[in-house]
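> Can you keep this structure in mind? I'll have questions shortly.
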Amino acid sequence: MVSGQESTLVPNTPVEMAELLRRASEQKQSVVLRGAGTKQDWGRPPQHIDATLSTRGLYRLIAHQHGDLTATIEAGASLRDVNVALSLHGQWLPLDPPFAAEATIGGILATNDSGPLRHRYGTPRDLVIGTSVATADGVLAKSGGQVVKNVAGYDLSKLLAGSFGSLAAIVNATFKLSPLPAASRTLVAAARDAEELGRFVREVMASQLEPIAFEIHVPSFALMLRFASVAAAVDAQAHAAEMMLGAAKLFDGDAERTFWSQHNERVWNGTGAIVRASWLPANVAAAIGELKSCAAASGVIEIEMLGRAAVGSGLVRIEGEAKAQARAIEQLRQSAAFGNVVLRRGSTELKSLVDVWGSSAERQPLLASLKRALDPQGILSPGRGPA
Amino acid sequence: MDRAFLDELRQVVGDDGLLQDPLELLTYECDALPHLRESPAAVVLPTSASQIQGVVRLCARHGVPFVPRGHGTGLSGGALPVAGGVVIALSRLNRVLDVDIPNQRVTVEPGVTNLEITRQVAPFGFYYAPDPSSQQVCSIGGNVAENSGGAHCLKYGFTVHHVLEVEAVMPDGAIVHFGSTFADTPGPDLLGLLVGSEGTIAIATRITVRILRRPETVQTLLAAFATIDAGGAVVSDIIAAGIIPAAVEMMDSLAIRAAEAAVHPNFPDADTVLIVELDGPAAEVTALFDTVVDTCRRHGATTIEVAQTDEQRARIWRGRKAAFAAMGRVSPNYYVQDGVVPRTRLPEVLNRIRALEQRSGLRIGNVFHAGDGNLHPLICYDERVPGDPEKAVEVAAEILSYCIEAGGSLTGEHGIGADKSSYMPTMFTADDLAVMQRVRAAFDPQGICNPGKVFPTPRLCGEVPGPHRAHPIEAAGLAERW
């Protein structure tokens, strides 16, 4: 969304970053933050941008306290590089958002983006334990800390999650880590239809199975379960899942890694608009029914959905003309089966037809008040976020 | 307090929802940190969110400060009244509103106790994970305010990881929904900020939490060691082996003796005991539990007791969970803090605490969540000995300074409240605190929602962090500490 004559600023230290923001605030110059740029077109198109503030000069893994299962990482470090470094001590930051090969820690936290591993490990907001930020008026401030258990002061890290760079610039973040599992196996089964898929989802949720990922895909009605633990437990759990779900394909080792990297790109590689939507997990059959009727009524060509079965959160790809896509999105927003329908990827035309965020209802005054408190001049990504 | 204001309050909550009698107000003078005490002008006992909204609107219009209060079990003075203010007690909002087993969530009012949620869903094989030691009596609203943890948060996280939606009354009386029963509320994670904000930005009126399936298998052991260092080394090696136990708890000899005197859990007479609990799929727990037992042996465990039955496990946990209350058996008074250190710094900080014990002449019992480095030093003193209470306060402050020097935190789960607000500048810079204050003012521009908590304010004469004393209703012989 950044276009025109704007300049790119590349601070190499937190102090430089704060100073650049302070100056921008003083001169009322609007700034958009940028990590690797993998999600730069998410959110509403910013109203006007004078400068891009890149985090690529802040890329260090500041500390890996492996005995404490924590790491402090600068905003511009890529998740992949970080995980390579953490693996030297058998640990990882268990996040697998789309574009994981390039996406930066700052961008992932600012969008609170995640992937299939969310089933077990949560989203960035669940893993972040402390952050340092530069406010729009150039104050360096931290909240949280270096320890996993800590309730001292306000947890401003949470506010950054989902802020889309509209409240403050993330300088660095500290996360709790997990041990890399010793063994892993993925099982893929297919249901006949939405009803059977819904039944499978409820059965898995009510069972003693403890997968680290639990995905569904529509229209294939596939279920994907990934088990990771000691080898004996992976064998036992995968076997129990097979008994429950019937014939299944199993993936180990390199085949499993390839499977998941393709899975994470699946929706993004297709054409059309992509929305994120959520549903109540036990009601997934009704949600799928709604997708079908939505496709028929709106006139779109194709609807595909992929997501976290037990969380009730997924990505819906909508193929068709912008006007039909807009009708489909509005219909999903009206539907009782879905909540929090947000446009992730869409053409400029589509973004002119539907609001990216949908209604934030009674939270709107709070979000506006927070924005004024942390960015008094309104210079950070004006108009991009939901506030 | 203005009579007209009181009449208006009465119109909102009814005659039986308004307390003004000094004797009735006694209960509300303090929470479970009884040395900080203040008499409110009035206490209201609303029965619905709309009554809370009515009360808050009145307070906002008249600029009267208010303090939300759950069941008063907090250990940091988070529910300490404000002089001339109103306490909004949430004990009558105690209904369980929805139990949704297929979607694994429960919706309750804030006055429902933590354990009641598990009671509701236990018949279906589920439970609510956060388990503070006070879970039988503490309220879920208080848990949300404090972001409560418990013994099992090493693996399962804190309240913030288990709350999906909170309906809350804002300081101007608006009702706002934080989060949603549907995942992924767009925008900054306001719910994550609300949880743990210690009642300073809103009052929760309805809370939806997620519940978890009971794990297939649970294995618990109690191991004894001759030194704290040996116990600490076991914890480090377990984590280094890639094992995340459901709980890892440590107690030292003074805490062991106290627990033994109070509830007879049959703990060995040792310098240090370690409780390790693993849960999850049977095959996983079986494999990893062997590693834990081997690790204990390798570091010279003098005894290892593996719980063979649920009763045996319950007995071990009874010894741990009763440790606070049990200190009364070995000392007339005690003062507890809950500072945190990085797990790898535990042995070093514990040795500093032992040196401090020698130097100060006050005995210090240590009961702590070793897995996440959350200390609970119980500083023993006798309030009849002149100078002792002040010394206990100094000792507590020194222990907190060790935690901060080691890169830790002032509090792992009890909250800052009124108790530790003056220490906040030791952990945060003036800029850090100023940015937090900006956020606070965005929610509560008048500063009327639980003022005087979390952030440092100049203290009044005689208002210092201090040791455990009897709650006024205990002192009056009306209740007993459990």
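We name chains A, B, ... following the order of the structure tokens; residues begin at 1 in each chain, and ligands are numbered from 1 as shown.
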Could the residues of chain A within 6 Å of chain B, counting only C-alpha atoms, be given as a VMD selection string, please?
chain A and resid 67 to 68 141 to 142 147 149 to 152 154 to 155 158 to 163 179 208 233 278 to 279 281 to 282 339 to 340 362 369 to 370 373 386
> Restricting the output to N, CA and C atoms, write the selected residues as a CSV table (one decimal), in the first residue's frame.

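Now in selection_17.csv:
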chain,number,residue,atom,x,y,z
A,67,GLY,N,18.4,-22.6,29.4
A,67,GLY,CA,18.0,-23.2,30.6
A,67,GLY,C,16.7,-22.7,31.2
A,68,ASP,N,16.3,-21.5,30.7
A,68,ASP,CA,15.1,-20.9,31.2
A,68,ASP,C,14.0,-21.0,30.1
A,141,ALA,N,10.2,2.1,25.9
A,141,ALA,CA,9.6,1.6,27.1
A,141,ALA,C,9.4,0.1,27.0
A,142,LYS,N,9.5,-0.6,28.2
A,142,LYS,CA,9.4,-2.0,28.2
A,142,LYS,C,8.2,-2.4,29.1
A,147,VAL,N,11.1,-13.3,32.5
A,147,VAL,CA,10.6,-14.6,33.1
A,147,VAL,C,9.2,-14.9,32.7
A,149,LYS,N,6.8,-16.3,34.3
A,149,LYS,CA,5.7,-16.1,35.2
A,149,LYS,C,5.9,-14.7,35.8
A,150,ASN,N,5.0,-13.8,35.5
A,150,ASN,CA,5.3,-12.4,35.8
A,150,ASN,C,4.0,-11.6,35.7
A,151,VAL,N,3.5,-11.0,36.8
A,151,VAL,CA,2.3,-10.2,36.6
A,151,VAL,C,2.5,-8.7,37.1
A,152,ALA,N,3.8,-8.3,37.0
A,152,ALA,CA,4.1,-6.9,37.5
A,152,ALA,C,3.8,-5.9,36.4
A,154,TYR,N,1.3,-3.5,33.7
A,154,TYR,CA,0.4,-3.8,32.6
A,154,TYR,C,1.2,-4.6,31.5
A,155,ASP,N,0.5,-5.6,30.9
A,155,ASP,CA,1.2,-6.4,29.9
A,155,ASP,C,0.9,-5.7,28.5
A,158,LYS,N,0.6,-7.6,25.0
A,158,LYS,CA,-0.7,-8.1,24.5
A,158,LYS,C,-1.3,-7.0,23.5
A,159,LEU,N,-1.2,-5.8,23.9
A,159,LEU,CA,-1.8,-4.7,23.1
A,159,LEU,C,-1.1,-4.6,21.7
A,160,LEU,N,0.2,-5.0,21.7
A,160,LEU,CA,0.9,-4.9,20.4
A,160,LEU,C,0.4,-6.0,19.5
A,161,ALA,N,0.0,-7.2,20.1
A,161,ALA,CA,-0.4,-8.3,19.3
A,161,ALA,C,-1.8,-7.9,18.6
A,162,GLY,N,-1.7,-7.8,17.3
A,162,GLY,CA,-2.9,-7.4,16.6
A,162,GLY,C,-3.0,-5.9,16.3
A,163,SER,N,-2.0,-5.2,16.7
A,163,SER,CA,-2.1,-3.7,16.6
A,163,SER,C,-1.7,-3.2,15.2
A,179,PRO,N,10.7,-27.2,24.1
A,179,PRO,CA,11.6,-28.1,23.6
A,179,PRO,C,11.2,-28.7,22.2
A,208,GLN,N,-8.8,-38.5,24.2
A,208,GLN,CA,-7.6,-38.3,24.9
A,208,GLN,C,-6.4,-38.0,23.9
A,233,ALA,N,5.0,-42.5,22.2
A,233,ALA,CA,3.7,-41.8,22.4
A,233,ALA,C,3.1,-41.4,21.0
A,278,SER,N,-13.9,-17.1,12.0
A,278,SER,CA,-13.9,-18.0,13.1
A,278,SER,C,-15.3,-18.6,13.3
A,279,TRP,N,-15.4,-19.8,13.9
A,279,TRP,CA,-16.6,-20.4,14.1
A,279,TRP,C,-16.5,-21.2,15.4
A,281,PRO,N,-16.1,-24.5,17.3
A,281,PRO,CA,-15.6,-25.7,16.8
A,281,PRO,C,-16.6,-26.9,16.6
A,282,ALA,N,-17.5,-27.0,17.6
A,282,ALA,CA,-18.4,-28.1,17.5
A,282,ALA,C,-19.5,-27.9,16.4
A,339,GLY,N,-17.9,-15.7,13.1
A,339,GLY,CA,-17.7,-14.5,13.8
A,339,GLY,C,-16.3,-13.9,13.4
A,340,ASN,N,-16.1,-12.6,13.6
A,340,ASN,CA,-14.8,-12.0,13.4
A,340,ASN,C,-14.3,-12.3,11.9
A,362,GLU,N,-18.7,-1.8,20.1
A,362,GLU,CA,-18.5,-0.9,21.3
A,362,GLU,C,-17.1,-0.8,21.7
A,369,SER,N,-9.2,5.8,21.8
A,369,SER,CA,-8.6,6.4,23.0
A,369,SER,C,-7.2,5.9,23.2
A,370,LEU,N,-7.0,4.6,23.0
A,370,LEU,CA,-5.7,4.0,23.1
A,370,LEU,C,-4.7,4.6,22.0
A,373,ALA,N,-3.6,7.9,23.0
A,373,ALA,CA,-2.7,7.8,24.2
A,373,ALA,C,-1.3,7.5,23.7
A,386,PRO,N,-7.6,-1.4,13.0
A,386,PRO,CA,-9.1,-1.3,13.2
A,386,PRO,C,-9.5,-0.1,14.0
> Taking the DSSP assignment computed from this structure's backbone, write out as a PyMOL selection string all residues of segment 251-319 of chain B that belong to strand (DSSP E).
chain B and resi 251-252+272-280+303-306
> Please save N, CA and C atoms of the selected residues as a PDB file, in the first residue's frame.

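Final file, part_6.pdb:
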ATOM      1  N   MET B 251      10.031 -27.362  48.403  1.00  0.00           N
ATOM      2  CA  MET B 251       9.833 -26.850  49.761  1.00  0.00           C
ATOM      3  C   MET B 251      11.118 -27.091  50.534  1.00  0.00           C
ATOM      4  N   ASP B 252      11.461 -26.152  51.414  1.00  0.00           N
ATOM      5  CA  ASP B 252      12.656 -26.377  52.222  1.00  0.00           C
ATOM      6  C   ASP B 252      12.273 -26.897  53.611  1.00  0.00           C
ATOM      7  N   THR B 272      15.385 -30.416  51.538  1.00  0.00           N
ATOM      8  CA  THR B 272      14.588 -29.971  50.394  1.00  0.00           C
ATOM      9  C   THR B 272      13.739 -31.127  49.890  1.00  0.00           C
ATOM     10  N   VAL B 273      12.478 -30.863  49.601  1.00  0.00           N
ATOM     11  CA  VAL B 273      11.717 -31.858  48.837  1.00  0.00           C
ATOM     12  C   VAL B 273      11.252 -31.227  47.532  1.00  0.00           C
ATOM     13  N   LEU B 274      11.125 -32.103  46.558  1.00  0.00           N
ATOM     14  CA  LEU B 274      10.714 -31.713  45.219  1.00  0.00           C
ATOM     15  C   LEU B 274       9.477 -32.533  44.872  1.00  0.00           C
ATOM     16  N   ILE B 275       8.444 -31.859  44.382  1.00  0.00           N
ATOM     17  CA  ILE B 275       7.273 -32.567  43.858  1.00  0.00           C
ATOM     18  C   ILE B 275       7.292 -32.380  42.345  1.00  0.00           C
ATOM     19  N   VAL B 276       7.282 -33.472  41.609  1.00  0.00           N
ATOM     20  CA  VAL B 276       7.234 -33.376  40.144  1.00  0.00           C
ATOM     21  C   VAL B 276       6.012 -34.126  39.659  1.00  0.00           C
ATOM     22  N   GLU B 277       5.228 -33.465  38.836  1.00  0.00           N
ATOM     23  CA  GLU B 277       4.037 -34.113  38.280  1.00  0.00           C
ATOM     24  C   GLU B 277       4.087 -34.031  36.764  1.00  0.00           C
ATOM     25  N   LEU B 278       3.880 -35.169  36.106  1.00  0.00           N
ATOM     26  CA  LEU B 278       3.762 -35.204  34.648  1.00  0.00           C
ATOM     27  C   LEU B 278       2.345 -35.620  34.310  1.00  0.00           C
ATOM     28  N   ASP B 279       1.777 -35.051  33.244  1.00  0.00           N
ATOM     29  CA  ASP B 279       0.483 -35.546  32.785  1.00  0.00           C
ATOM     30  C   ASP B 279       0.444 -35.551  31.268  1.00  0.00           C
ATOM     31  N   GLY B 280      -0.521 -36.271  30.723  1.00  0.00           N
ATOM     32  CA  GLY B 280      -0.658 -36.335  29.270  1.00  0.00           C
ATOM     33  C   GLY B 280      -0.961 -37.750  28.822  1.00  0.00           C
ATOM     34  N   THR B 303      15.218 -40.000  49.277  1.00  0.00           N
ATOM     35  CA  THR B 303      14.036 -40.863  49.123  1.00  0.00           C
ATOM     36  C   THR B 303      13.284 -40.424  47.874  1.00  0.00           C
ATOM     37  N   ILE B 304      12.597 -41.364  47.253  1.00  0.00           N
ATOM     38  CA  ILE B 304      11.699 -41.034  46.137  1.00  0.00           C
ATOM     39  C   ILE B 304      10.387 -41.780  46.373  1.00  0.00           C
ATOM     40  N   GLU B 305       9.329 -41.042  46.534  1.00  0.00           N
ATOM     41  CA  GLU B 305       8.015 -41.675  46.709  1.00  0.00           C
ATOM     42  C   GLU B 305       7.192 -41.391  45.460  1.00  0.00           C
ATOM     43  N   VAL B 306       6.779 -42.448  44.767  1.00  0.00           N
ATOM     44  CA  VAL B 306       5.928 -42.280  43.591  1.00  0.00           C
ATOM     45  C   VAL B 306       4.487 -42.561  44.010  1.00  0.00           C
TER      46      VAL B 306
END
> Compile the contact shell of Asn450 of chain B as a list of chain:residue names: residues with an atom at most 9 Å away, counting only C-alpha atoms, same-chain residues fewer than 4 positions apart removed.
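The neighbour list is B:Pro65, B:Phe66, B:Val67, B:Pro68, B:Gly78, B:Ala79, B:Leu80, B:Pro81, B:Val82, B:Glu198, B:Gly199, B:Thr200, B:Ile201.
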> Output C-alpha atoms for every residue in the selection just made, as a compact mmCIF listing (two decimals), in the first residue's frame.

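out34.txt, written as the output of this step:
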# COMPACT_ATOMS: atom_id res chain seq x y z
CA PRO B 65 -13.43 6.36 43.37
CA PHE B 66 -14.55 2.72 43.43
CA VAL B 67 -12.79 -0.57 44.12
CA PRO B 68 -14.01 -3.87 42.65
CA GLY B 78 -5.59 -5.21 45.21
CA ALA B 79 -9.04 -4.85 46.80
CA LEU B 80 -7.93 -2.34 49.43
CA PRO B 81 -10.70 0.28 49.70
CA VAL B 82 -10.10 3.94 48.97
CA GLU B 198 -5.70 -5.63 38.83
CA GLY B 199 -9.14 -4.05 38.56
CA THR B 200 -7.73 -0.73 37.39
CA ILE B 201 -9.35 -0.46 33.96
> Can you pull out every residue within 7 Å of segment 378-384 of chain A, counting only C-alpha atoms, but drop anything in the same chain fewer than 5 positions away, and send it as a ChimeraX atom specification?
/A:25,28-32,43-47,136,165-167
> Next, write the just-selected residues to a file, as a PDB file, in the first residue's frame, keeping C-alpha atoms as the atom set.

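Final output, part.pdb:
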ATOM      1  CA  SER A  25       5.887  12.940  15.375  1.00  0.00           C
ATOM      2  CA  LYS A  28       3.620  15.138  11.775  1.00  0.00           C
ATOM      3  CA  GLN A  29       5.095  12.802   9.181  1.00  0.00           C
ATOM      4  CA  SER A  30       3.169   9.543   8.837  1.00  0.00           C
ATOM      5  CA  VAL A  31       5.160   6.328   9.091  1.00  0.00           C
ATOM      6  CA  VAL A  32       4.405   2.730   8.214  1.00  0.00           C
ATOM      7  CA  GLY A  43      -5.276  -4.074   6.911  1.00  0.00           C
ATOM      8  CA  ARG A  44      -6.868  -1.029   5.353  1.00  0.00           C
ATOM      9  CA  PRO A  45      -4.729   0.897   2.894  1.00  0.00           C
ATOM     10  CA  PRO A  46      -3.027   3.562   5.062  1.00  0.00           C
ATOM     11  CA  GLN A  47      -4.420   7.021   4.291  1.00  0.00           C
ATOM     12  CA  ALA A 136       5.267   7.213  18.242  1.00  0.00           C
ATOM     13  CA  GLY A 165       1.921  -1.261  13.840  1.00  0.00           C
ATOM     14  CA  SER A 166      -0.665   1.350  14.748  1.00  0.00           C
ATOM     15  CA  LEU A 167       0.187   1.829  18.454  1.00  0.00           C
TER      16      LEU A 167
END
> Tell me which of A:Met244, A:Asp126, A:Leu180, A:Lys351 sits closest to Leu88 of chain A, counting only C-alpha atoms.
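Between A:Met244, A:Asp126, A:Leu180, A:Lys351, the residue approaching Leu88 of chain A most closely is A:Leu180.
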> Any idea what's packed within 8 Å of segment 70-74 of chain B, counting only C-alpha atoms, ignoring anything in its chain fewer than 2 positions away? Could you give it as a list in words?
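The residues satisfying every condition are Tyr28, Cys30, Asp31, Ala32, Leu33, Pro68, Ser76, Gly77, Gly78, Ala79, Ala89, Leu90, Ser91, Pro110, Gly111, Ser134, Val137, Cys138, Ser139, Ile140, Gly141, Gly142 and His414 of chain B.
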> So that I can see what lies close to Asp355 of chain A, please list as a PyMOL selection string the residues with an atom at most 12 Å from it, counting only C-alpha atoms and leaving out residues fewer than 5 positions away in the same chain.
chain A and resi 43-45+275+326-327+329-330+333+341-344+346+348-350+360+383-386
> Would you export the selected residues with N, CA and C atoms as a compact mmCIF listing (two decimals), in the first residue's frame, please?

# COMPACT_ATOMS: atom_id res chain seq x y z
N GLY A 43 -4.68 -5.25 6.29
CA GLY A 43 -5.28 -4.07 6.91
C GLY A 43 -5.82 -3.14 5.85
N ARG A 44 -6.38 -2.02 6.32
CA ARG A 44 -6.87 -1.03 5.35
C ARG A 44 -5.67 -0.34 4.72
N PRO A 45 -5.83 0.12 3.48
CA PRO A 45 -4.73 0.90 2.89
C PRO A 45 -4.50 2.14 3.76
N VAL A 275 -10.11 -14.27 3.44
CA VAL A 275 -10.57 -13.71 4.70
C VAL A 275 -10.24 -14.68 5.83
N ALA A 326 -17.37 -9.32 -2.35
CA ALA A 326 -17.89 -8.42 -1.32
C ALA A 326 -19.22 -8.94 -0.77
N ARG A 327 -20.08 -9.42 -1.68
CA ARG A 327 -21.37 -9.97 -1.22
C ARG A 327 -21.12 -11.18 -0.31
N ILE A 329 -18.49 -11.83 1.53
CA ILE A 329 -17.94 -11.41 2.83
C ILE A 329 -19.06 -10.84 3.71
N GLU A 330 -19.90 -10.01 3.12
CA GLU A 330 -21.02 -9.45 3.90
C GLU A 330 -21.92 -10.56 4.42
N ARG A 333 -20.40 -12.24 7.33
CA ARG A 333 -20.50 -11.36 8.51
C ARG A 333 -21.89 -11.39 9.11
N VAL A 341 -15.04 -11.88 10.96
CA VAL A 341 -14.65 -12.08 9.56
C VAL A 341 -13.83 -10.87 9.11
N VAL A 342 -12.54 -11.11 8.85
CA VAL A 342 -11.61 -10.02 8.54
C VAL A 342 -10.97 -10.27 7.17
N LEU A 343 -10.94 -9.27 6.33
CA LEU A 343 -10.31 -9.43 5.02
C LEU A 343 -8.80 -9.39 5.16
N ARG A 344 -8.13 -10.43 4.68
CA ARG A 344 -6.67 -10.48 4.77
C ARG A 344 -6.03 -10.06 3.45
N GLY A 346 -7.00 -8.86 -0.51
CA GLY A 346 -8.07 -8.51 -1.43
C GLY A 346 -7.64 -7.38 -2.33
N THR A 348 -7.78 -3.82 -4.47
CA THR A 348 -8.13 -2.46 -4.07
C THR A 348 -9.64 -2.26 -4.26
N GLU A 349 -10.17 -2.81 -5.33
CA GLU A 349 -11.61 -2.67 -5.57
C GLU A 349 -12.41 -3.31 -4.44
N LEU A 350 -11.98 -4.52 -4.05
CA LEU A 350 -12.71 -5.20 -2.97
C LEU A 350 -12.63 -4.38 -1.68
N SER A 360 -16.15 -3.03 14.84
CA SER A 360 -15.57 -3.30 16.16
C SER A 360 -16.48 -2.75 17.25
N GLY A 383 -5.00 4.93 9.68
CA GLY A 383 -6.10 4.31 8.95
C GLY A 383 -5.95 2.82 8.70
N ARG A 384 -4.76 2.26 8.94
CA ARG A 384 -4.54 0.85 8.57
C ARG A 384 -5.22 -0.12 9.54
N GLY A 385 -5.07 0.17 10.83
CA GLY A 385 -5.58 -0.75 11.85
C GLY A 385 -7.07 -0.59 12.08
N PRO A 386 -7.62 -1.37 12.99
CA PRO A 386 -9.06 -1.32 13.23
C PRO A 386 -9.49 -0.10 14.04
> Smallest atom-to-atom distance to Asn83 of chain A: which of A:Leu177, A:Ala183, A:Ile170, A:Gly270, using only C-alpha atoms?
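Comparing A:Leu177, A:Ala183, A:Ile170, A:Gly270 against Asn83 of chain A, the winner is A:Leu177.
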> Let's see if you can do this: from backbone DSSP, list all helix (DSSP H, G or I) residues in segment 357-473 of chain B, as a PyMOL selection string.
chain B and resi 357-360+370-372+388-405+421-427+430-443+472-473
> Near Leu225 of chain A, within 6 Å and counting only C-alpha atoms, which residues show up once chain neighbours fewer than 2 positions away are dropped, as an NGL selection string?
:A and (186-187 or 213-214)
> For the residues selected in the previous step, produce a file with N, CA and C atoms as an mmCIF file, in the first residue's frame.

data_model
loop_
_atom_site.group_PDB
_atom_site.id
_atom_site.type_symbol
_atom_site.label_atom_id
_atom_site.label_comp_id
_atom_site.auth_asym_id
_atom_site.auth_seq_id
_atom_site.Cartn_x
_atom_site.Cartn_y
_atom_site.Cartn_z
ATOM 1 N N THR A 186 2.316 -37.243 11.083
ATOM 2 C CA THR A 186 1.071 -36.586 10.675
ATOM 3 C C THR A 186 0.153 -37.600 10.017
ATOM 4 N N LEU A 187 -1.105 -37.501 10.382
ATOM 5 C CA LEU A 187 -2.114 -38.410 9.857
ATOM 6 C C LEU A 187 -3.153 -37.585 9.121
ATOM 7 N N ALA A 213 -1.148 -30.210 16.136
ATOM 8 C CA ALA A 213 -1.897 -29.494 15.103
ATOM 9 C C ALA A 213 -3.129 -30.322 14.755
ATOM 10 N N PHE A 214 -4.232 -29.670 14.481
ATOM 11 C CA PHE A 214 -5.482 -30.352 14.153
ATOM 12 C C PHE A 214 -6.205 -29.462 13.149
#
> Hey, can you check how far atom CA of Ile316 of chain B sits from atom CA of Gln337 of chain B?
23.1 Å
> So, counting only C-alpha atoms, which residue among A:Leu197, A:Ala273, A:Leu117, A:Ile108 is closest to Arg226 of chain A?
A:Leu117
